[in-house]
Every structure is written in structure tokens, then in C-alpha cells.
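Structure file coords.csv with CSV, C-alpha atoms and all ligand atoms:
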```csv
chain,number,residue,atom,x,y,z
A,1,MET,CA,1.4,-3.0,3.9
A,2,HIS,CA,-1.1,-0.3,3.0
A,3,CYS,CA,-4.1,0.3,5.3
A,4,HIS,CA,-5.7,3.0,7.4
A,5,ILE,CA,-6.3,0.9,10.5
A,6,LEU,CA,-5.2,3.3,13.3
A,7,PRO,CA,-8.4,4.9,14.6
A,8,GLY,CA,-9.1,8.6,14.4
A,9,LEU,CA,-6.0,9.8,12.5
A,10,ASP,CA,-7.4,10.2,8.9
A,11,ASP,CA,-10.3,9.1,6.7
A,12,GLY,CA,-9.8,5.4,7.8
A,13,SER,CA,-11.0,3.7,10.9
A,14,GLU,CA,-12.9,5.9,13.3
A,15,THR,CA,-12.8,3.9,16.5
A,16,GLU,CA,-10.8,1.1,18.1
A,17,GLU,CA,-13.8,-1.2,17.8
A,18,MET,CA,-14.0,-0.5,14.1
A,19,SER,CA,-10.2,-1.2,13.8
A,20,LEU,CA,-10.6,-4.5,15.6
A,21,ALA,CA,-13.6,-5.5,13.4
A,22,MET,CA,-11.6,-4.7,10.3
A,23,ILE,CA,-8.7,-6.8,11.7
A,24,ALA,CA,-11.0,-9.7,12.5
A,25,GLN,CA,-12.3,-9.7,8.9
A,26,ALA,CA,-8.8,-9.4,7.4
A,27,TYR,CA,-7.6,-12.3,9.6
A,28,LYS,CA,-10.4,-14.5,8.2
A,29,ARG,CA,-9.1,-13.8,4.7
A,30,GLY,CA,-5.6,-14.9,5.7
A,31,VAL,CA,-4.0,-11.6,6.8
A,32,ARG,CA,-1.5,-12.3,9.6
A,33,GLY,CA,-0.2,-8.8,10.3
A,34,LEU,CA,-0.4,-5.2,9.0
A,35,ILE,CA,1.7,-2.2,8.3
A,36,ALA,CA,-0.4,0.8,9.3
A,37,THR,CA,-0.1,3.6,6.9
A,38,PRO,CA,-2.1,6.7,8.0
A,39,HIS,CA,-1.9,9.6,5.6
A,40,ALA,CA,0.9,12.1,5.9
A,41,SER,CA,-0.8,14.7,3.8
A,42,PRO,CA,-1.8,18.3,4.0
A,43,LEU,CA,-5.5,17.1,3.8
A,44,PHE,CA,-5.2,15.6,7.3
A,45,GLN,CA,-4.0,16.6,10.7
A,46,SER,CA,-0.4,15.6,11.2
A,47,THR,CA,0.4,13.0,13.8
A,48,SER,CA,3.8,12.5,15.4
A,49,THR,CA,5.7,9.4,14.5
A,50,GLU,CA,5.9,8.5,18.2
A,51,THR,CA,2.1,8.6,18.4
A,52,ILE,CA,1.8,6.3,15.4
A,53,ARG,CA,4.3,3.9,16.9
A,54,ARG,CA,2.5,3.8,20.2
A,55,MET,CA,-0.9,3.3,18.6
A,56,CYS,CA,0.5,0.4,16.6
A,57,ARG,CA,1.8,-1.2,19.7
A,58,VAL,CA,-1.5,-0.8,21.5
A,59,LEU,CA,-3.7,-1.9,18.6
A,60,GLY,CA,-1.4,-4.9,17.9
A,61,GLN,CA,-1.6,-6.0,21.5
A,62,LYS,CA,-5.4,-5.8,21.5
A,63,ALA,CA,-5.7,-7.6,18.1
A,64,SER,CA,-3.4,-10.3,19.4
A,65,GLY,CA,-5.6,-10.7,22.5
A,66,MET,CA,-8.8,-10.8,20.4
A,67,LEU,CA,-7.4,-13.4,17.9
A,68,ASN,CA,-5.5,-15.4,20.5
A,69,THR,CA,-2.4,-15.3,18.4
A,70,GLU,CA,0.3,-12.8,17.6
A,71,PHE,CA,-1.0,-10.2,15.2
A,72,PRO,CA,1.8,-7.5,14.7
A,73,ILE,CA,1.0,-4.0,13.5
A,74,TYR,CA,4.0,-2.2,12.2
A,75,PRO,CA,4.3,1.6,11.9
A,76,GLY,CA,4.3,3.3,8.5
A,77,GLN,CA,2.8,6.2,6.7
A,78,GLU,CA,1.3,6.9,3.2
A,79,ILE,CA,3.3,9.9,2.3
A,80,PHE,CA,1.7,12.5,0.0
A,81,ALA,CA,4.7,13.7,-2.0
A,82,THR,CA,4.8,17.4,-1.3
A,83,SER,CA,8.2,19.1,-1.3
A,84,GLU,CA,7.8,19.7,2.4
A,85,ASN,CA,7.0,16.0,3.1
A,86,LEU,CA,10.0,14.9,1.0
A,87,GLU,CA,12.2,17.1,3.1
A,88,LEU,CA,10.8,15.6,6.3
A,89,LEU,CA,11.4,12.2,4.9
A,90,GLU,CA,15.0,13.0,4.1
A,91,GLN,CA,15.4,14.2,7.7
A,92,GLY,CA,14.0,11.0,9.0
A,93,LYS,CA,10.9,12.8,10.4
A,94,LEU,CA,8.3,10.7,8.5
A,95,LEU,CA,8.0,6.9,8.7
A,96,THR,CA,9.1,4.4,6.2
A,97,LEU,CA,7.3,1.0,6.0
A,98,ALA,CA,8.1,-0.9,9.2
A,99,ASP,CA,11.4,0.9,9.6
A,100,SER,CA,12.7,-0.6,6.3
A,101,ARG,CA,14.1,1.3,3.4
A,102,TYR,CA,10.7,1.1,1.6
A,103,VAL,CA,8.6,4.2,1.5
A,104,LEU,CA,4.9,4.3,0.5
A,105,LEU,CA,4.2,7.4,-1.6
A,106,GLU,CA,1.2,8.9,-3.3
A,107,LEU,CA,0.6,11.9,-5.6
A,108,GLN,CA,-2.5,13.4,-7.1
A,109,PRO,CA,-4.2,11.0,-9.6
A,110,SER,CA,-3.8,13.8,-12.1
A,111,ALA,CA,0.0,14.2,-11.5
A,112,ALA,CA,2.1,14.8,-14.6
A,113,PHE,CA,4.5,12.0,-15.5
A,114,MET,CA,7.6,14.2,-14.9
A,115,ASP,CA,6.4,14.9,-11.3
A,116,LEU,CA,5.9,11.2,-10.7
A,117,PHE,CA,9.4,10.5,-12.1
A,118,ARG,CA,11.0,13.3,-10.1
A,119,VAL,CA,9.5,12.2,-6.8
A,120,MET,CA,10.6,8.6,-7.4
A,121,ARG,CA,14.2,9.6,-8.3
A,122,THR,CA,14.4,12.0,-5.3
A,123,VAL,CA,13.3,9.3,-2.9
A,124,ARG,CA,15.7,6.8,-4.5
A,125,ASN,CA,18.5,9.4,-4.0
A,126,PHE,CA,17.8,9.4,-0.3
A,127,GLY,CA,18.7,5.7,-0.3
A,128,CYS,CA,15.1,4.7,0.1
A,129,ILE,CA,13.0,2.4,-2.1
A,130,PRO,CA,9.9,4.1,-3.4
A,131,VAL,CA,6.7,2.2,-3.5
A,132,LEU,CA,4.0,4.0,-5.5
A,133,ALA,CA,0.6,3.5,-3.8
A,134,HIS,CA,-2.4,2.4,-5.9
A,135,VAL,CA,-0.6,2.6,-9.2
A,136,GLU,CA,-3.8,2.1,-11.1
A,137,ARG,CA,-5.0,5.6,-10.0
A,138,TYR,CA,-2.6,7.7,-12.0
A,139,ARG,CA,-4.0,8.9,-15.3
A,140,VAL,CA,-0.7,9.2,-17.0
A,141,LEU,CA,0.1,5.6,-16.3
A,142,TYR,CA,-3.3,4.2,-17.3
A,143,HIS,CA,-2.8,2.1,-20.5
A,144,ASN,CA,0.8,3.5,-20.7
A,145,MET,CA,3.2,0.7,-20.2
A,146,GLU,CA,6.1,2.8,-21.4
A,147,HIS,CA,5.7,5.4,-18.6
A,148,LEU,CA,5.2,2.6,-16.1
A,149,GLU,CA,8.5,1.0,-17.2
A,150,GLU,CA,10.3,4.3,-17.0
A,151,LEU,CA,9.4,4.5,-13.3
A,152,GLU,CA,10.3,0.8,-12.9
A,153,TYR,CA,13.8,1.4,-14.4
A,154,ALA,CA,14.1,4.4,-12.0
A,155,GLY,CA,13.8,1.9,-9.1
A,156,THR,CA,10.1,2.3,-8.3
A,157,LEU,CA,8.0,-0.6,-6.9
A,158,PHE,CA,4.3,-0.7,-7.5
A,159,GLN,CA,1.4,-1.4,-5.1
A,160,MET,CA,-2.1,-2.1,-6.4
A,161,ASN,CA,-5.3,-2.1,-4.4
A,162,SER,CA,-7.0,-5.5,-4.2
A,163,HIS,CA,-10.4,-3.9,-4.8
A,164,SER,CA,-9.3,-2.7,-8.2
A,165,LEU,CA,-9.1,-6.3,-9.3
A,166,GLU,CA,-12.7,-7.1,-8.4
A,167,GLY,CA,-14.5,-5.7,-11.4
A,168,GLY,CA,-16.2,-8.0,-13.9
A,169,LEU,CA,-15.3,-8.8,-17.5
A,170,LEU,CA,-16.7,-5.5,-18.8
A,171,ASP,CA,-14.8,-3.4,-16.3
A,172,GLU,CA,-12.0,-1.8,-18.3
A,173,LYS,CA,-10.0,-0.6,-15.3
A,174,ALA,CA,-10.1,-4.1,-13.7
A,175,HIS,CA,-9.0,-5.6,-17.0
A,176,TRP,CA,-6.0,-3.2,-17.2
A,177,CYS,CA,-5.1,-4.0,-13.5
A,178,ARG,CA,-5.2,-7.8,-14.3
A,179,GLU,CA,-3.0,-7.2,-17.4
A,180,LEU,CA,-0.4,-5.4,-15.3
A,181,ILE,CA,-0.3,-8.2,-12.8
A,182,LYS,CA,-0.1,-10.9,-15.5
A,183,LYS,CA,2.9,-9.0,-16.9
A,184,GLN,CA,4.3,-9.2,-13.3
A,185,LYS,CA,4.7,-5.4,-13.0
A,186,ILE,CA,3.2,-5.2,-9.6
A,187,GLN,CA,5.1,-6.1,-6.4
A,188,PHE,CA,2.4,-5.6,-3.7
A,189,ILE,CA,-1.3,-6.2,-3.5
A,190,SER,CA,-2.9,-4.5,-0.5
A,191,SER,CA,-6.4,-3.7,0.6
A,192,ASP,CA,-5.8,0.0,1.4
A,193,MET,CA,-8.7,-0.6,3.8
A,194,HIS,CA,-10.4,2.3,5.4
A,195,ASN,CA,-13.6,0.8,6.8
A,196,LEU,CA,-15.8,-2.3,6.7
A,197,GLN,CA,-18.0,-1.3,3.8
A,198,ASP,CA,-16.8,0.1,0.5
A,199,ARG,CA,-13.1,0.1,1.4
A,200,GLY,CA,-12.8,-3.0,3.5
A,201,PRO,CA,-10.2,-5.7,3.9
A,202,ILE,CA,-9.0,-7.7,1.0
A,203,GLY,CA,-11.8,-9.6,-0.7
A,204,GLU,CA,-12.1,-13.3,-1.5
A,205,ARG,CA,-12.5,-12.5,-5.2
A,206,ALA,CA,-9.1,-10.9,-5.5
A,207,VAL,CA,-7.4,-13.6,-3.5
A,208,ASN,CA,-9.0,-16.3,-5.6
A,209,TRP,CA,-8.0,-14.7,-8.8
A,210,ILE,CA,-4.4,-14.2,-7.7
A,211,THR,CA,-4.1,-17.8,-6.4
A,212,GLN,CA,-5.8,-19.4,-9.4
A,213,LYS,CA,-4.7,-17.3,-12.4
A,214,LEU,CA,-1.0,-16.6,-11.7
A,215,PRO,CA,2.1,-18.7,-11.4
A,216,ALA,CA,2.1,-19.8,-7.8
A,217,GLY,CA,5.4,-18.2,-6.9
A,218,TYR,CA,4.4,-14.8,-8.2
A,219,GLY,CA,1.0,-15.0,-6.6
A,220,ARG,CA,2.5,-15.8,-3.2
A,221,ALA,CA,5.0,-13.0,-3.6
A,222,LEU,CA,2.2,-10.5,-4.4
A,223,LEU,CA,0.0,-11.5,-1.5
A,224,ALA,CA,2.6,-12.0,1.2
A,225,GLY,CA,6.2,-12.8,0.2
A,226,ASN,CA,7.3,-9.4,-0.9
A,227,ALA,CA,5.9,-7.9,2.2
A,228,ARG,CA,7.6,-10.5,4.3
A,229,ASP,CA,10.9,-9.7,2.6
A,230,LEU,CA,10.4,-6.0,3.4
A,231,LEU,CA,10.0,-7.1,7.1
A,232,ASN,CA,12.8,-9.6,6.9
A,233,ILE,CA,10.5,-12.3,8.1
A,234,GLU,CA,10.9,-15.9,7.0
A,235,ALA,CA,7.8,-17.6,5.6
A,236,LYS,CA,6.2,-20.1,8.0
B,301,FE,FE,-4.2,4.7,1.4
```
For the file at hand, write its structure as C-alpha cells.
Amino acid sequence: MHCHILPGLDDGSETEEMSLAMIAQAYKRGVRGLIATPHASPLFQSTSTETIRRMCRVLGQKASGMLNTEFPIYPGQEIFATSENLELLEQGKLLTLADSRYVLLELQPSAAFMDLFRVMRTVRNFGCIPVLAHVERYRVLYHNMEHLEELEYAGTLFQMNSHSLEGGLLDEKAHWCRELIKKQKIQFISSDMHNLQDRGPIGERAVNWITQKLPAGYGRALLAGNARDLLNIEAK
């Protein structure tokens, strides 16, 4: 539910071939569908929601053909929370996650806590459910459970990047990420994949840790169940 799989729109996949190679690798790791979330950010050219929807349909069909099984790609955006973008979101001119009430949001990693809080409250007031992208990136939330819980009480859900879990025992950031998960503060684990190298599909190491170290129900919810709920899809 967080990946940059549509080619040529942002700093993610560059070509359709690259997108299909990323999908093939994700499929091998157990991924059975994606919500494409190209950046809606002043740093990148803007793309119309119709174009994103069309690209999802086309890539989904090609992926399904390649894999010989249905591989849906749903439309979404990773929305950088400028005041202009929040207005567009309120007017229905930006995409929620797969046309649900869930919205994937990001701010600067250096954002002040009050800014994070205000954005989450604003989006909640639109009747949407804010999902904060890569929660581990925000400096004010790092090692600050109180702040995290304030956002939680304001109705925020949290997404963490799978690659942030992959550090070894001496990696302090990875340790904090694992602690957050053990406390069951995270709702979504996603790859946030951009390419096949340093920001690729979800890795075996993260999947193994989640399936082996967490209560089974929570592990399944993190990897798939909560995303399925968002899509209103029954588990197979
Ligand atoms: Fe992203």
C-alpha cells in the first residue's frame, strides 16, 4: 500500500520493464497486489488522477499477464502535506488509497510535532483516515512514544518501511522500529519500493522477523490483513 511502481512519474520506477521486474520480485516474496502511491509533492511534476488510474489499469493487466494470475494495482498517492495539497484532498482532487477513506501522508522528516498533529487532525476532519508514511523518519517521533501516542489518539495510523527493520543488532534505528512493532503501534508494513536495488521490494529478512517474532494475528495484519481491510477484500 506504499510503493512507487508507476513508471516515469516520480523518483520511483523509470520504465515499464523496471516496474514489471519489481513486481516479479515482490510476487516471489508473497505480494499479491499493490496500491501505487506516486508522490503528490512540489518536488515532482503533478500527474492527473485520471492518468494515475489509467496507468494502474495498464500495469495491472501487464503484471497479471506476466504472472499468469490476477495481480491488481490500485490507484493512490503519497501526499506531501502542503496546505495546497490538503485543499486539493478536501476537494477530492487527490487520490486516497484505493478509493478508500485512508490517505497516505508525508511531511518533512524535520517537521515540528504541532505540524504533524495539525495535519492529521485536518485530514481526520475531512472524514478521512490519515496514514503517516514511514513513521520512523520523523525526528520528533524518534524515541518519543508520548508524541506518537498523541497522534494515535488523534486517529492516525502508522506505516513503516520494511527496509527499516533490516538492520542488525547494533543498528539503533532498526531496534527502535522493532520496539514500535512489538508494542503493536504500527498498522502497515510496506516496502515503499522505488527500484530494484537500494529501495526494492520487501525483503525476506523483514518478512521472517515479522512472521517469527510477533503474535501470528498481528504479524498477518501488518503484512496483509490491514491492507485487505482497507480494500474490503476477504482473506483467501
Ligand atoms: Fe514513498
Given a cut-off of 8 Å, what residues near ligand FE 301 (chain B) show up using only C-alpha atoms and all ligand atoms, put as a PyMOL selection string? chain A and resi 2-4+37-39+78+133-134+192-194
Keeping only C-alpha atoms, take the residues you just selected and write them out as a PDB file, keeping the file's coordinate frame.
```
ATOM      1  CA  HIS A   2      -1.100  -0.300   3.000  1.00  0.00           C
ATOM      2  CA  CYS A   3      -4.100   0.300   5.300  1.00  0.00           C
ATOM      3  CA  HIS A   4      -5.700   3.000   7.400  1.00  0.00           C
ATOM      4  CA  THR A  37      -0.100   3.600   6.900  1.00  0.00           C
ATOM      5  CA  PRO A  38      -2.100   6.700   8.000  1.00  0.00           C
ATOM      6  CA  HIS A  39      -1.900   9.600   5.600  1.00  0.00           C
ATOM      7  CA  GLU A  78       1.300   6.900   3.200  1.00  0.00           C
ATOM      8  CA  ALA A 133       0.600   3.500  -3.800  1.00  0.00           C
ATOM      9  CA  HIS A 134      -2.400   2.400  -5.900  1.00  0.00           C
ATOM     10  CA  ASP A 192      -5.800   0.000   1.400  1.00  0.00           C
ATOM     11  CA  MET A 193      -8.700  -0.600   3.800  1.00  0.00           C
ATOM     12  CA  HIS A 194     -10.400   2.300   5.400  1.00  0.00           C
TER      13      HIS A 194
END
```
Around (-14.2, -11.5, -2.6) in the file's frame, which residues reach within 10 Å when counting all atoms listed in the file? Return as a ChimeraX atom specification? /A:29,162-163,165-166,201-209
Do you know which residues are at most 10 Å from Thr96 of chain A counting all atoms listed in the file, after dropping those on the same chain fewer than 3 positions away, and could you put them as a ChimeraX atom specification? /A:37,75-79,89,92-93,99-105,128-130
Requested write-out: C-alpha atoms of the selected residues, as a compact mmCIF listing (two decimals), in the frame of the given file:
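The new file result09.txt reads:
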```txt
# COMPACT_ATOMS: atom_id res chain seq x y z
CA THR A 37 -0.10 3.60 6.90
CA PRO A 75 4.30 1.60 11.90
CA GLY A 76 4.30 3.30 8.50
CA GLN A 77 2.80 6.20 6.70
CA GLU A 78 1.30 6.90 3.20
CA ILE A 79 3.30 9.90 2.30
CA LEU A 89 11.40 12.20 4.90
CA GLY A 92 14.00 11.00 9.00
CA LYS A 93 10.90 12.80 10.40
CA ASP A 99 11.40 0.90 9.60
CA SER A 100 12.70 -0.60 6.30
CA ARG A 101 14.10 1.30 3.40
CA TYR A 102 10.70 1.10 1.60
CA VAL A 103 8.60 4.20 1.50
CA LEU A 104 4.90 4.30 0.50
CA LEU A 105 4.20 7.40 -1.60
CA CYS A 128 15.10 4.70 0.10
CA ILE A 129 13.00 2.40 -2.10
CA PRO A 130 9.90 4.10 -3.40
```
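The gap separating atom CA of Pro72 of chain A from atom CA of Gly60 of chain A is 5.2 Å, in Å to one decimal.
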Nearest to Gly225 of chain A by atom-to-atom distance, counting all atoms listed in the file, from A:Leu9, A:Val135, A:Ala112, A:Ile189: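 Among A:Leu9, A:Val135, A:Ala112, A:Ile189, it is A:Ile189 that comes nearest to Gly225 of chain A.
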List every protein, DNA or RNA residue that has at least one atom no more than 8 Å from (-1.5, -11.5, 10.9) in the file's coordinates, counting only C-alpha atoms, and write the result as a VMD selection string. chain A and resid 27 30 to 34 70 to 72
Which residues are close to Ser13 of chain A, i.e. within 6 Å by all atoms listed in the file, leaving aside same-chain residues fewer than 3 positions away? Reply as a ChimeraX atom specification. /A:5,7,19,194-195
